[in-house]
$ cat model.txt   # compact mmCIF, C-alpha atoms and all ligand atoms
# COMPACT_ATOMS: atom_id res chain seq x y z
CA MET D 14 68.51 -10.64 -58.79
CA LYS D 15 67.42 -8.93 -55.61
CA LYS D 16 66.15 -11.05 -52.73
CA ILE D 17 64.66 -9.31 -49.74
CA LYS D 18 62.86 -10.92 -46.82
CA SER D 19 59.35 -9.77 -46.04
CA SER D 20 60.48 -7.99 -42.87
CA GLU D 21 62.73 -5.74 -44.96
CA ILE D 22 60.20 -4.88 -47.63
CA THR D 23 59.00 -1.31 -47.84
CA SER D 24 55.23 -1.32 -47.75
CA TYR D 25 53.44 0.19 -50.73
CA SER D 26 52.36 3.24 -48.71
CA ASP D 27 55.90 3.76 -47.39
CA TYR D 28 57.12 3.40 -50.93
CA LEU D 29 54.69 6.05 -52.15
CA SER D 30 55.61 8.46 -49.38
CA ARG D 31 59.26 7.96 -50.17
CA ARG D 32 58.53 8.85 -53.78
CA ASP D 33 56.67 11.97 -52.67
CA PHE D 34 59.66 12.85 -50.54
CA LEU D 35 62.02 12.36 -53.48
CA LYS D 36 59.79 14.45 -55.70
CA THR D 37 59.68 17.24 -53.13
CA MET D 38 63.43 17.14 -52.87
CA GLY D 39 63.65 17.46 -56.64
CA ILE D 40 65.57 14.21 -56.90
CA MET D 41 63.39 12.70 -59.60
CA THR D 42 65.31 13.14 -62.81
CA ALA D 43 64.43 14.44 -66.22
CA GLY D 44 63.80 10.82 -67.13
CA ALA D 45 60.48 11.26 -65.40
CA ALA D 46 59.11 13.08 -68.43
CA LEU D 47 58.81 10.03 -70.58
CA LEU D 48 56.86 8.76 -73.47
CA ALA D 49 55.99 5.11 -73.36
CA ALA D 50 55.98 3.39 -76.70
CA CYS D 51 53.59 0.50 -76.29
CA GLY D 52 53.11 -2.31 -78.72
CA THR D 53 54.45 -5.42 -80.29
CA PRO D 54 57.31 -5.31 -82.81
CA GLN D 55 54.67 -4.92 -85.49
CA ASP D 56 53.46 -1.59 -84.15
CA GLU D 57 56.82 -0.33 -82.97
CA ALA D 58 56.30 2.96 -84.76
CA SER D 59 53.29 3.95 -82.68
CA THR D 60 53.94 5.85 -79.47
CA VAL D 61 51.47 7.00 -76.88
CA VAL D 62 51.89 9.47 -74.10
CA ASN D 63 52.02 7.69 -70.76
CA PRO D 64 49.68 9.67 -68.52
CA SER D 65 51.49 8.46 -65.43
CA ALA D 66 54.93 9.13 -66.84
CA GLU D 67 56.15 10.93 -63.78
CA ASP D 68 55.88 7.67 -61.89
CA SER D 69 58.35 5.94 -64.16
CA SER D 70 61.91 5.18 -63.39
CA GLY D 71 63.37 8.53 -62.42
CA ILE D 72 63.90 7.83 -58.73
CA SER D 73 67.30 8.22 -57.15
CA PRO D 74 69.22 4.96 -57.63
CA SER D 75 70.67 5.31 -54.14
CA ALA D 76 67.68 3.31 -52.86
CA SER D 77 68.48 -0.26 -53.78
CA ALA D 78 64.78 -1.14 -53.96
CA ASN D 79 64.38 1.27 -56.86
CA THR D 80 66.58 -0.66 -59.27
CA ASP D 81 67.39 -4.23 -60.19
CA GLU D 82 70.85 -5.66 -59.48
CA LEU D 83 72.09 -4.26 -62.80
CA GLY D 84 71.10 -0.76 -61.73
CA LYS D 85 68.11 -0.62 -64.07
CA PRO D 86 65.19 1.39 -62.68
CA LEU D 87 61.98 -0.31 -61.73
CA ASN D 88 59.01 0.27 -63.98
CA SER D 89 56.24 2.28 -62.40
CA TYR D 90 53.29 0.60 -60.74
CA GLU D 91 51.17 2.28 -63.42
CA ASP D 92 53.17 0.76 -66.28
CA ILE D 93 53.17 -2.70 -64.72
CA THR D 94 49.44 -2.68 -64.10
CA ASN D 95 48.32 -1.04 -67.36
CA TYR D 96 50.38 -2.74 -70.05
CA ASN D 97 49.67 -6.45 -69.88
CA ASN D 98 49.41 -9.66 -71.79
CA TYR D 99 46.43 -11.70 -70.66
CA TYR D 100 44.71 -13.18 -73.69
CA GLU D 101 41.79 -14.57 -71.67
CA PHE D 102 40.67 -10.93 -71.35
CA THR D 103 41.93 -9.37 -74.58
CA THR D 104 44.93 -9.27 -76.89
CA ASP D 105 45.04 -5.46 -76.50
CA LYS D 106 47.72 -4.82 -73.87
CA GLU D 107 46.33 -1.45 -72.92
CA ARG D 108 42.78 -2.78 -72.36
CA VAL D 109 43.52 -5.75 -70.11
CA ALA D 110 43.40 -3.64 -66.95
CA VAL D 111 40.02 -2.16 -67.88
CA LEU D 112 38.45 -5.50 -68.76
CA ALA D 113 39.95 -7.31 -65.77
CA GLU D 114 38.91 -4.70 -63.22
CA GLY D 115 36.89 -6.27 -60.45
CA TYR D 116 37.46 -9.84 -61.67
CA PRO D 117 36.85 -11.99 -58.57
CA THR D 118 40.03 -13.66 -57.32
CA SER D 119 38.93 -14.55 -53.80
CA PRO D 120 38.08 -17.17 -52.68
CA TRP D 121 40.50 -19.16 -54.85
CA GLU D 122 41.83 -22.68 -54.88
CA VAL D 123 44.88 -24.23 -56.49
CA LYS D 124 44.85 -28.01 -56.78
CA VAL D 125 48.35 -29.45 -56.61
CA GLY D 126 48.57 -33.11 -57.54
CA GLY D 127 49.62 -35.68 -60.11
CA LEU D 128 52.80 -37.61 -59.33
CA VAL D 129 53.19 -36.45 -55.73
CA ASN D 130 53.03 -38.12 -52.32
CA ASN D 131 50.97 -35.37 -50.67
CA PRO D 132 48.42 -33.87 -53.06
CA LYS D 133 46.85 -30.74 -51.59
CA THR D 134 44.31 -28.09 -52.50
CA TYR D 135 45.69 -24.70 -51.46
CA SER D 136 43.49 -21.79 -50.38
CA LEU D 137 44.64 -18.18 -50.26
CA ASP D 138 45.19 -18.60 -46.51
CA ASP D 139 47.48 -21.54 -47.19
CA PHE D 140 49.58 -19.35 -49.50
CA ARG D 141 49.81 -16.66 -46.83
CA LYS D 142 51.70 -19.15 -44.65
CA PHE D 143 54.70 -19.10 -47.00
CA GLU D 144 57.35 -16.52 -46.20
CA ILE D 145 56.88 -13.77 -48.75
CA GLU D 146 60.02 -12.25 -50.26
CA GLU D 147 60.50 -9.39 -52.66
CA ARG D 148 62.23 -10.32 -55.91
CA ILE D 149 63.15 -7.58 -58.35
CA TYR D 150 63.22 -9.27 -61.74
CA ARG D 151 63.40 -8.25 -65.37
CA LEU D 152 60.41 -9.53 -67.37
CA ARG D 153 61.30 -10.01 -71.05
CA CYS D 154 58.30 -10.66 -73.29
CA VAL D 155 58.85 -12.73 -76.42
CA GLU D 156 57.42 -9.73 -78.29
CA ALA D 157 60.66 -7.84 -77.45
CA TRP D 158 59.43 -5.44 -74.78
CA SER D 159 60.46 -5.64 -71.15
CA MET D 160 59.96 -4.24 -67.65
CA VAL D 161 61.67 -4.38 -64.26
CA ILE D 162 59.16 -5.52 -61.64
CA PRO D 163 59.39 -5.81 -57.85
CA TRP D 164 57.40 -9.02 -57.29
CA MET D 165 56.33 -10.42 -53.95
CA GLY D 166 56.17 -14.16 -53.68
CA PHE D 167 57.88 -17.37 -52.62
CA PRO D 168 59.96 -20.01 -54.40
CA LEU D 169 57.98 -22.65 -56.25
CA SER D 170 60.43 -25.16 -54.76
CA LYS D 171 58.89 -24.54 -51.31
CA LEU D 172 55.45 -25.55 -52.53
CA LEU D 173 56.88 -28.59 -54.34
CA ALA D 174 58.68 -29.64 -51.16
CA GLU D 175 55.31 -29.75 -49.37
CA VAL D 176 53.63 -31.99 -51.94
CA GLU D 177 56.73 -34.20 -52.43
CA PRO D 178 57.12 -35.04 -56.13
CA LYS D 179 57.58 -38.76 -56.81
CA ALA D 180 60.73 -39.96 -58.57
CA GLU D 181 58.78 -40.50 -61.83
CA ALA D 182 57.76 -36.83 -61.98
CA LYS D 183 59.78 -35.12 -64.72
CA TYR D 184 57.75 -31.98 -65.42
CA VAL D 185 55.43 -29.52 -63.72
CA ARG D 186 52.27 -28.57 -65.61
CA PHE D 187 50.42 -25.34 -64.74
CA GLU D 188 46.92 -24.35 -65.74
CA THR D 189 45.13 -20.97 -65.66
CA ILE D 190 41.47 -20.57 -64.73
CA TYR D 191 39.07 -21.39 -67.59
CA ASP D 192 36.19 -18.92 -67.38
CA PRO D 193 34.60 -18.11 -70.76
CA GLU D 194 31.68 -16.35 -69.05
CA GLY D 195 33.83 -14.05 -66.94
CA MET D 196 36.69 -13.35 -69.34
CA PRO D 197 35.78 -11.97 -72.79
CA GLY D 198 38.96 -13.14 -74.58
CA PHE D 199 37.85 -16.79 -74.74
CA LYS D 200 35.00 -16.05 -77.12
CA LYS D 201 37.01 -13.52 -79.14
CA ASN D 202 39.93 -15.93 -79.58
CA PRO D 203 38.28 -19.36 -79.82
CA PHE D 204 41.11 -20.75 -81.98
CA TYR D 205 43.50 -21.04 -79.01
CA GLN D 206 43.52 -24.35 -77.16
CA TRP D 207 42.25 -23.11 -73.82
CA PRO D 208 42.88 -23.27 -70.92
CA TYR D 209 46.27 -21.52 -70.88
CA VAL D 210 48.80 -24.19 -69.98
CA GLU D 211 52.53 -23.92 -69.31
CA GLY D 212 55.23 -26.23 -68.08
CA LEU D 213 58.70 -26.55 -66.62
CA ARG D 214 61.10 -29.43 -66.10
CA VAL D 215 61.22 -30.38 -62.42
CA ASP D 216 64.85 -29.23 -62.10
CA GLU D 217 63.92 -25.84 -63.60
CA ALA D 218 60.98 -25.60 -61.24
CA MET D 219 63.29 -26.28 -58.29
CA ASN D 220 65.61 -23.41 -59.25
CA ASP D 221 65.44 -20.71 -56.62
CA LEU D 222 64.68 -18.00 -59.20
CA ALA D 223 61.31 -19.58 -60.10
CA ILE D 224 58.67 -18.01 -57.88
CA LEU D 225 54.95 -18.06 -57.32
CA ALA D 226 54.06 -14.37 -57.08
CA THR D 227 51.15 -13.05 -55.05
CA GLY D 228 51.95 -9.34 -55.21
CA LEU D 229 54.07 -6.53 -56.58
CA TYR D 230 55.25 -3.23 -55.14
CA GLY D 231 54.10 -4.50 -51.74
CA LYS D 232 50.46 -4.83 -52.84
CA ASP D 233 48.41 -7.91 -53.69
CA LEU D 234 48.39 -8.69 -57.40
CA LEU D 235 45.66 -7.09 -59.47
CA PRO D 236 43.67 -9.33 -61.83
CA GLN D 237 45.54 -8.04 -64.91
CA ASN D 238 48.84 -9.27 -63.47
CA GLY D 239 47.51 -12.74 -62.72
CA ALA D 240 45.89 -12.47 -59.31
CA PRO D 241 45.76 -14.13 -56.95
CA ILE D 242 48.79 -16.27 -57.81
CA ARG D 243 51.01 -16.65 -60.88
CA MET D 244 54.41 -17.98 -61.88
CA VAL D 245 57.40 -15.71 -62.54
CA ILE D 246 60.32 -17.37 -64.34
CA PRO D 247 62.67 -14.49 -65.09
CA TRP D 248 65.16 -16.23 -67.38
CA LYS D 249 62.44 -17.35 -69.79
CA TYR D 250 60.21 -15.36 -72.13
CA GLY D 251 57.22 -13.87 -70.33
CA PHE D 252 54.69 -16.31 -71.77
CA LYS D 253 56.09 -19.02 -69.47
CA SER D 254 55.06 -16.89 -66.45
CA ILE D 255 51.51 -18.22 -66.37
CA LYS D 256 48.84 -16.18 -64.59
CA SER D 257 45.91 -16.93 -62.26
CA ILE D 258 46.84 -20.56 -61.65
CA VAL D 259 44.17 -23.07 -60.56
CA LYS D 260 46.02 -26.34 -61.09
CA ILE D 261 49.59 -27.58 -60.75
CA ASP D 262 50.37 -31.19 -61.67
CA LEU D 263 53.57 -33.18 -61.52
CA VAL D 264 53.71 -35.29 -64.68
CA ASP D 265 56.08 -37.61 -66.50
CA GLU D 266 55.59 -36.19 -70.02
CA MET D 267 56.43 -32.74 -71.37
CA PRO D 268 53.27 -30.63 -71.09
CA ARG D 269 52.05 -29.08 -74.33
CA SER D 270 51.60 -25.38 -73.68
CA LEU D 271 48.94 -23.22 -75.32
CA TRP D 272 51.70 -21.48 -77.29
CA MET D 273 53.33 -24.72 -78.44
CA ALA D 274 49.93 -25.85 -79.70
CA ALA D 275 49.29 -22.51 -81.43
CA ALA D 276 52.65 -22.12 -83.23
CA PRO D 277 55.23 -24.81 -82.48
CA ASN D 278 57.80 -23.28 -84.85
CA GLU D 279 57.61 -19.96 -82.96
CA TYR D 280 57.18 -20.88 -79.30
CA GLY D 281 59.14 -23.80 -77.90
CA PHE D 282 58.93 -25.49 -74.54
CA ASN D 283 62.22 -24.05 -73.23
CA ALA D 284 61.63 -20.42 -74.23
CA ASN D 285 64.84 -19.23 -72.61
CA VAL D 286 65.59 -15.57 -73.31
CA ASN D 287 68.26 -15.75 -76.00
CA PRO D 288 69.48 -12.79 -78.08
CA ASN D 289 71.16 -15.18 -80.54
CA VAL D 290 68.03 -17.02 -81.62
CA ASN D 291 65.51 -14.83 -83.39
CA HIS D 292 61.79 -15.31 -83.43
CA PRO D 293 60.86 -16.32 -87.01
CA ARG D 294 59.14 -12.95 -87.43
CA TRP D 295 61.44 -10.56 -85.53
CA SER D 296 64.85 -10.14 -83.93
CA GLN D 297 65.42 -11.05 -80.30
CA ALA D 298 68.76 -9.19 -80.11
CA SER D 299 67.29 -6.16 -78.39
CA GLU D 300 64.20 -5.08 -76.49
CA ARG D 301 62.19 -1.99 -75.69
CA ARG D 302 62.09 -1.29 -71.97
CA ILE D 303 58.65 0.15 -71.33
CA GLY D 304 58.96 3.76 -70.22
CA GLU D 305 62.32 4.35 -71.90
CA PHE D 306 63.44 5.72 -75.24
CA GLY D 307 65.44 3.57 -77.60
CA ARG D 308 66.28 -0.07 -77.25
CA THR D 309 68.32 -2.13 -74.81
CA GLU D 310 70.43 -5.14 -75.77
CA THR D 311 68.85 -8.40 -74.70
CA ILE D 312 71.03 -10.46 -72.36
CA MET D 313 71.41 -14.25 -72.48
CA PHE D 314 68.98 -15.86 -70.03
CA ASN D 315 67.75 -12.29 -69.39
CA GLY D 316 70.83 -11.68 -67.23
CA TYR D 317 70.41 -14.76 -65.01
CA GLU D 318 73.03 -16.91 -66.77
CA GLU D 319 75.03 -17.58 -63.63
CA GLU D 320 72.00 -19.02 -61.86
CA VAL D 321 70.52 -21.11 -64.68
CA ALA D 322 72.99 -21.86 -67.52
CA HIS D 323 73.91 -25.19 -65.91
CA LEU D 324 70.34 -26.40 -66.49
CA TYR D 325 70.98 -26.36 -70.25
CA ALA D 326 74.59 -27.61 -70.39
CA GLY D 327 75.23 -29.47 -73.63
CA MET D 328 71.86 -28.48 -75.11
CA ASP D 329 71.72 -26.79 -78.52
CA LEU D 330 69.58 -23.80 -77.64
CA ALA D 331 69.00 -22.91 -81.30
CA ILE D 332 67.12 -26.19 -81.72
CA ASN D 333 65.73 -26.41 -78.20
CA PHE D 334 64.29 -22.88 -78.29
N1 LIG I 401 49.09 -16.12 -68.55
C1 LIG I 401 47.84 -16.30 -69.02
N2 LIG I 401 47.02 -17.10 -68.36
N3 LIG I 401 47.41 -15.71 -70.17
C2 LIG I 401 48.24 -14.90 -70.89
O1 LIG I 401 47.81 -14.37 -71.95
N4 LIG I 401 50.48 -13.93 -71.12
C3 LIG I 401 51.90 -14.18 -70.86
C4 LIG I 401 52.18 -14.28 -69.37
N5 LIG I 401 51.20 -15.09 -68.69
C5 LIG I 401 49.57 -14.69 -70.43
C6 LIG I 401 49.95 -15.30 -69.21
C7 LIG I 401 52.79 -13.20 -71.47
S1 LIG I 401 52.96 -13.29 -73.16
C8 LIG I 401 53.48 -12.29 -70.74
S2 LIG I 401 54.65 -11.30 -71.47
C9 LIG I 401 53.26 -12.12 -69.30
O2 LIG I 401 52.20 -12.95 -68.82
C10 LIG I 401 52.91 -10.68 -69.00
O3 LIG I 401 52.75 -10.47 -67.63
P1 LIG I 401 52.27 -9.05 -67.11
O4 LIG I 401 51.05 -8.66 -67.88
O5 LIG I 401 52.02 -9.19 -65.65
O6 LIG I 401 53.42 -8.10 -67.41
$ encode --input "model.txt" --output "structure tokens" --more "lines below"
Ligand code: MTE
Amino acid sequence: MKKIKSSEITSYSDYLSRRDFLKTMGIMTAGAALLAACGTPQDEASTVVNPSAEDSSGISPSASANTDELGKPLNSYEDITNYNNYYEFTTDKERVAVLAEGYPTSPWEVKVGGLVNNPKTYSLDDFRKFEIEERIYRLRCVEAWSMVIPWMGFPLSKLLAEVEPKAEAKYVRFETIYDPEGMPGFKKNPFYQWPYVEGLRVDEAMNDLAILATGLYGKDLLPQNGAPIRMVIPWKYGFKSIKSIVKIDLVDEMPRSLWMAAAPNEYGFNANVNPNVNHPRWSQASERRIGEFGRTETIMFNGYEEEVAHLYAGMDLAINF
């Protein structure tokens, strides 16, 4: 995992000029001419040409900000902002960006309460007071595709420290905005138990890897990525990384997520990335990194075992999936 303080972060425009420089110098590799195969395991066979392929991955690895800590290249801004899961808009990953364009995300409020000593409603200005860091994380979707994303954000633990969870608080429950008028996916998919809800145990939430993200590649988040503020929990399947949060509650019972309600045998509460436990309908042993050919082996806890394995000591992860 890469952790960089805000003062060290390359701004988006600096980043772009650096890329132009690299292109001019001919440093971008042949990997730049890529096809992106987009889809769930069910439509694995279909490939589409990525119109912004030259922005993908092929930058000199000598710049540490261009790879994750395993040396894997970042996905392009275009990939990250045009291939999304956000069911409130649509289940079509390549249409989320179009449908979410212009969705209003300011002003915005996040109510933080429940079993806390200092409940508080946060505005966007309140979030700007947190020190923003860059975190380069792998995002592994339960559908077996993945990306490497340079998020901007701050540890969830810092927000929790402000509201002071009470001793009885065992879980954190997150809720996405519920806006059937503004987001077409609600009416198209009425069978889901909206709003989108997710949860973490308090000790998971306190882990330094768990961040609230407000941007990526040095820019504010776009609506399709969960603007203005979303969770990123890199050792868990992507569906835990809930977008466009409006409510965070400390609770004493395990929250029931939208996915647990929809298919409890397929999507558990823990949802730790685990190549040894298959989804009932497909293998989790490997994944398709967007923008690359072929498949990559999936790593236990998505490569963050050292930081998080202790949270699950003694737990049978095949049962507690
Ligand atoms: N949050 C909400 N509110 N609605 C969603 O449909 N999809 C999840 C997660 N957060 C989702 C969500 C899934 S399945 C994934 S893989 C990630 O968002 C995708 O994040 P990205 O589109 O920014 O890559």
$ closest_residue --input "model.txt" --among "D:Glu156, D:Asp221, D:Glu175, D:Glu144" --to "ligand LIG 401 (chain I)" --atoms "only C-alpha atoms and all ligand atoms"
D:Glu156
$ residues_near_ligand --input "model.txt" --ligand "ligand LIG 401 (chain I)" --cutoff "7 Å" --atoms "all atoms listed in the file" --output "ChimeraX atom specification"
/D:93,96-101,153-155,189,209,237-239,250-257
$ write_last_selection --input "model.txt" --atoms "C-alpha atoms" --output "PDB file, in the coordinates of the input"
ATOM      1  CA  ILE D  93      53.170  -2.700 -64.720  1.00  0.00           C
ATOM      2  CA  TYR D  96      50.380  -2.740 -70.050  1.00  0.00           C
ATOM      3  CA  ASN D  97      49.670  -6.450 -69.880  1.00  0.00           C
ATOM      4  CA  ASN D  98      49.410  -9.660 -71.790  1.00  0.00           C
ATOM      5  CA  TYR D  99      46.430 -11.700 -70.660  1.00  0.00           C
ATOM      6  CA  TYR D 100      44.710 -13.180 -73.690  1.00  0.00           C
ATOM      7  CA  GLU D 101      41.790 -14.570 -71.670  1.00  0.00           C
ATOM      8  CA  ARG D 153      61.300 -10.010 -71.050  1.00  0.00           C
ATOM      9  CA  CYS D 154      58.300 -10.660 -73.290  1.00  0.00           C
ATOM     10  CA  VAL D 155      58.850 -12.730 -76.420  1.00  0.00           C
ATOM     11  CA  THR D 189      45.130 -20.970 -65.660  1.00  0.00           C
ATOM     12  CA  TYR D 209      46.270 -21.520 -70.880  1.00  0.00           C
ATOM     13  CA  GLN D 237      45.540  -8.040 -64.910  1.00  0.00           C
ATOM     14  CA  ASN D 238      48.840  -9.270 -63.470  1.00  0.00           C
ATOM     15  CA  GLY D 239      47.510 -12.740 -62.720  1.00  0.00           C
ATOM     16  CA  TYR D 250      60.210 -15.360 -72.130  1.00  0.00           C
ATOM     17  CA  GLY D 251      57.220 -13.870 -70.330  1.00  0.00           C
ATOM     18  CA  PHE D 252      54.690 -16.310 -71.770  1.00  0.00           C
ATOM     19  CA  LYS D 253      56.090 -19.020 -69.470  1.00  0.00           C
ATOM     20  CA  SER D 254      55.060 -16.890 -66.450  1.00  0.00           C
ATOM     21  CA  ILE D 255      51.510 -18.220 -66.370  1.00  0.00           C
ATOM     22  CA  LYS D 256      48.840 -16.180 -64.590  1.00  0.00           C
ATOM     23  CA  SER D 257      45.910 -16.930 -62.260  1.00  0.00           C
TER      24      SER D 257
END
$ atom_distance --input "model.txt" --atom1 "atom CA of Met328 of chain D" --atom2 "atom CA of Asn285 of chain D"
11.9 Å
$ residues_around --input "model.txt" --residues "segment 123-131 of chain D" --least-positions-apart "4" --cutoff "12 Å" --atoms "all atoms listed in the file" --output "ChimeraX atom specification"
/D:118-119,135-140,169,172-190,215,225,241-243,257-266
$ closest_residue --input "model.txt" --among "D:Arg214, D:Met244, D:Ala157, D:Glu147" --to "Arg294 of chain D" --atoms "all atoms listed in the file"
D:Ala157
$ closest_residue --input "model.txt" --among "D:Asn220, D:Ser159, D:Thr103, D:Gln206" --to "Ala276 of chain D" --atoms "only C-alpha atoms"
D:Gln206
$ residues_around --input "model.txt" --residues "Arg269 of chain D" --least-positions-apart "4" --cutoff "10 Å" --atoms "only C-alpha atoms" --output "number ranges by chain"
D: 186, 210-212, 273-274, 277, 281-282
$ write_last_selection --input "model.txt" --atoms "C-alpha atoms" --output "PDB file, in the coordinates of the input"
ATOM      1  CA  ARG D 186      52.270 -28.570 -65.610  1.00  0.00           C
ATOM      2  CA  VAL D 210      48.800 -24.190 -69.980  1.00  0.00           C
ATOM      3  CA  GLU D 211      52.530 -23.920 -69.310  1.00  0.00           C
ATOM      4  CA  GLY D 212      55.230 -26.230 -68.080  1.00  0.00           C
ATOM      5  CA  MET D 273      53.330 -24.720 -78.440  1.00  0.00           C
ATOM      6  CA  ALA D 274      49.930 -25.850 -79.700  1.00  0.00           C
ATOM      7  CA  PRO D 277      55.230 -24.810 -82.480  1.00  0.00           C
ATOM      8  CA  GLY D 281      59.140 -23.800 -77.900  1.00  0.00           C
ATOM      9  CA  PHE D 282      58.930 -25.490 -74.540  1.00  0.00           C
TER      10      PHE D 282
END
$ closest_residue --input "model.txt" --among "D:Val290, D:Ile149, D:Leu87, D:Ala110" --to "Pro163 of chain D" --atoms "all atoms listed in the file"
D:Ile149
$ closest_residue --input "model.txt" --among "D:Pro197, D:Tyr280, D:Glu310, D:Ala78" --to "Arg108 of chain D" --atoms "only C-alpha atoms"
D:Pro197
$ closest_residue --input "model.txt" --among "D:Ala240, D:Ala275, D:Asn333, D:Ala322" --to "Pro203 of chain D" --atoms "all atoms listed in the file"
D:Ala275
$ atom_distance --input "model.txt" --atom1 "atom CA of Ala113 of chain D" --atom2 "atom CA of Met196 of chain D"
7.7 Å
$ atom_distance --input "model.txt" --atom1 "atom CA of Trp272 of chain D" --atom2 "atom CA of Tyr205 of chain D"
8.4 Å
$ residues_around --input "model.txt" --residues "Met313 of chain D" --least-positions-apart "3" --cutoff "7 Å" --atoms "all atoms listed in the file" --output "MDAnalysis selection string"
chainID D and resid 286:288 316 318
$ residues_around --input "model.txt" --residues "Pro193 of chain D" --least-positions-apart "6" --cutoff "10 Å" --atoms "all atoms listed in the file" --output "PDB file with C-alpha atoms, in the frame of the given file"
ATOM      1  CA  GLU D 101      41.790 -14.570 -71.670  1.00  0.00           C
ATOM      2  CA  PHE D 102      40.670 -10.930 -71.350  1.00  0.00           C
ATOM      3  CA  PHE D 199      37.850 -16.790 -74.740  1.00  0.00           C
ATOM      4  CA  LYS D 200      35.000 -16.050 -77.120  1.00  0.00           C
ATOM      5  CA  LYS D 201      37.010 -13.520 -79.140  1.00  0.00           C
ATOM      6  CA  PRO D 203      38.280 -19.360 -79.820  1.00  0.00           C
ATOM      7  CA  TRP D 207      42.250 -23.110 -73.820  1.00  0.00           C
ATOM      8  CA  PRO D 208      42.880 -23.270 -70.920  1.00  0.00           C
TER       9      PRO D 208
END
$ build_atoms --input "model.txt" --residues "segment 169-180 of chain D" --atoms "N, CA, C and O atoms" --output "PDB file, in the frame of the given file"
ATOM      1  N   LEU D 169      58.800 -21.496 -55.894  1.00  0.00           N
ATOM      2  CA  LEU D 169      57.980 -22.650 -56.250  1.00  0.00           C
ATOM      3  C   LEU D 169      58.507 -23.908 -55.564  1.00  0.00           C
ATOM      4  O   LEU D 169      57.743 -24.800 -55.187  1.00  0.00           O
ATOM      5  N   SER D 170      59.823 -23.969 -55.372  1.00  0.00           N
ATOM      6  CA  SER D 170      60.430 -25.160 -54.760  1.00  0.00           C
ATOM      7  C   SER D 170      59.847 -25.416 -53.365  1.00  0.00           C
ATOM      8  O   SER D 170      59.759 -26.566 -52.924  1.00  0.00           O
ATOM      9  N   LYS D 171      59.443 -24.346 -52.675  1.00  0.00           N
ATOM     10  CA  LYS D 171      58.890 -24.540 -51.310  1.00  0.00           C
ATOM     11  C   LYS D 171      57.535 -25.231 -51.372  1.00  0.00           C
ATOM     12  O   LYS D 171      57.213 -26.058 -50.529  1.00  0.00           O
ATOM     13  N   LEU D 172      56.743 -24.884 -52.371  1.00  0.00           N
ATOM     14  CA  LEU D 172      55.450 -25.550 -52.530  1.00  0.00           C
ATOM     15  C   LEU D 172      55.675 -27.005 -52.954  1.00  0.00           C
ATOM     16  O   LEU D 172      55.035 -27.932 -52.425  1.00  0.00           O
ATOM     17  N   LEU D 173      56.622 -27.213 -53.875  1.00  0.00           N
ATOM     18  CA  LEU D 173      56.880 -28.590 -54.340  1.00  0.00           C
ATOM     19  C   LEU D 173      57.382 -29.458 -53.187  1.00  0.00           C
ATOM     20  O   LEU D 173      57.033 -30.633 -53.089  1.00  0.00           O
ATOM     21  N   ALA D 174      58.177 -28.861 -52.299  1.00  0.00           N
ATOM     22  CA  ALA D 174      58.680 -29.640 -51.160  1.00  0.00           C
ATOM     23  C   ALA D 174      57.515 -30.134 -50.303  1.00  0.00           C
ATOM     24  O   ALA D 174      57.549 -31.247 -49.772  1.00  0.00           O
ATOM     25  N   GLU D 175      56.468 -29.330 -50.187  1.00  0.00           N
ATOM     26  CA  GLU D 175      55.310 -29.750 -49.370  1.00  0.00           C
ATOM     27  C   GLU D 175      54.564 -30.928 -49.988  1.00  0.00           C
ATOM     28  O   GLU D 175      54.103 -31.807 -49.288  1.00  0.00           O
ATOM     29  N   VAL D 176      54.431 -30.915 -51.321  1.00  0.00           N
ATOM     30  CA  VAL D 176      53.630 -31.990 -51.940  1.00  0.00           C
ATOM     31  C   VAL D 176      54.477 -33.217 -52.265  1.00  0.00           C
ATOM     32  O   VAL D 176      53.933 -34.282 -52.562  1.00  0.00           O
ATOM     33  N   GLU D 177      55.800 -33.078 -52.214  1.00  0.00           N
ATOM     34  CA  GLU D 177      56.730 -34.200 -52.430  1.00  0.00           C
ATOM     35  C   GLU D 177      56.555 -34.902 -53.773  1.00  0.00           C
ATOM     36  O   GLU D 177      55.878 -35.949 -53.867  1.00  0.00           O
ATOM     37  N   PRO D 178      57.175 -34.366 -54.828  1.00  0.00           N
ATOM     38  CA  PRO D 178      57.120 -35.040 -56.130  1.00  0.00           C
ATOM     39  C   PRO D 178      57.693 -36.452 -56.044  1.00  0.00           C
ATOM     40  O   PRO D 178      58.661 -36.694 -55.331  1.00  0.00           O
ATOM     41  N   LYS D 179      57.045 -37.388 -56.756  1.00  0.00           N
ATOM     42  CA  LYS D 179      57.580 -38.760 -56.810  1.00  0.00           C
ATOM     43  C   LYS D 179      58.757 -38.797 -57.786  1.00  0.00           C
ATOM     44  O   LYS D 179      58.899 -37.902 -58.629  1.00  0.00           O
ATOM     45  N   ALA D 180      59.536 -39.849 -57.713  1.00  0.00           N
ATOM     46  CA  ALA D 180      60.730 -39.960 -58.570  1.00  0.00           C
ATOM     47  C   ALA D 180      60.353 -39.927 -60.052  1.00  0.00           C
ATOM     48  O   ALA D 180      61.121 -39.433 -60.883  1.00  0.00           O
TER      49      ALA D 180
END
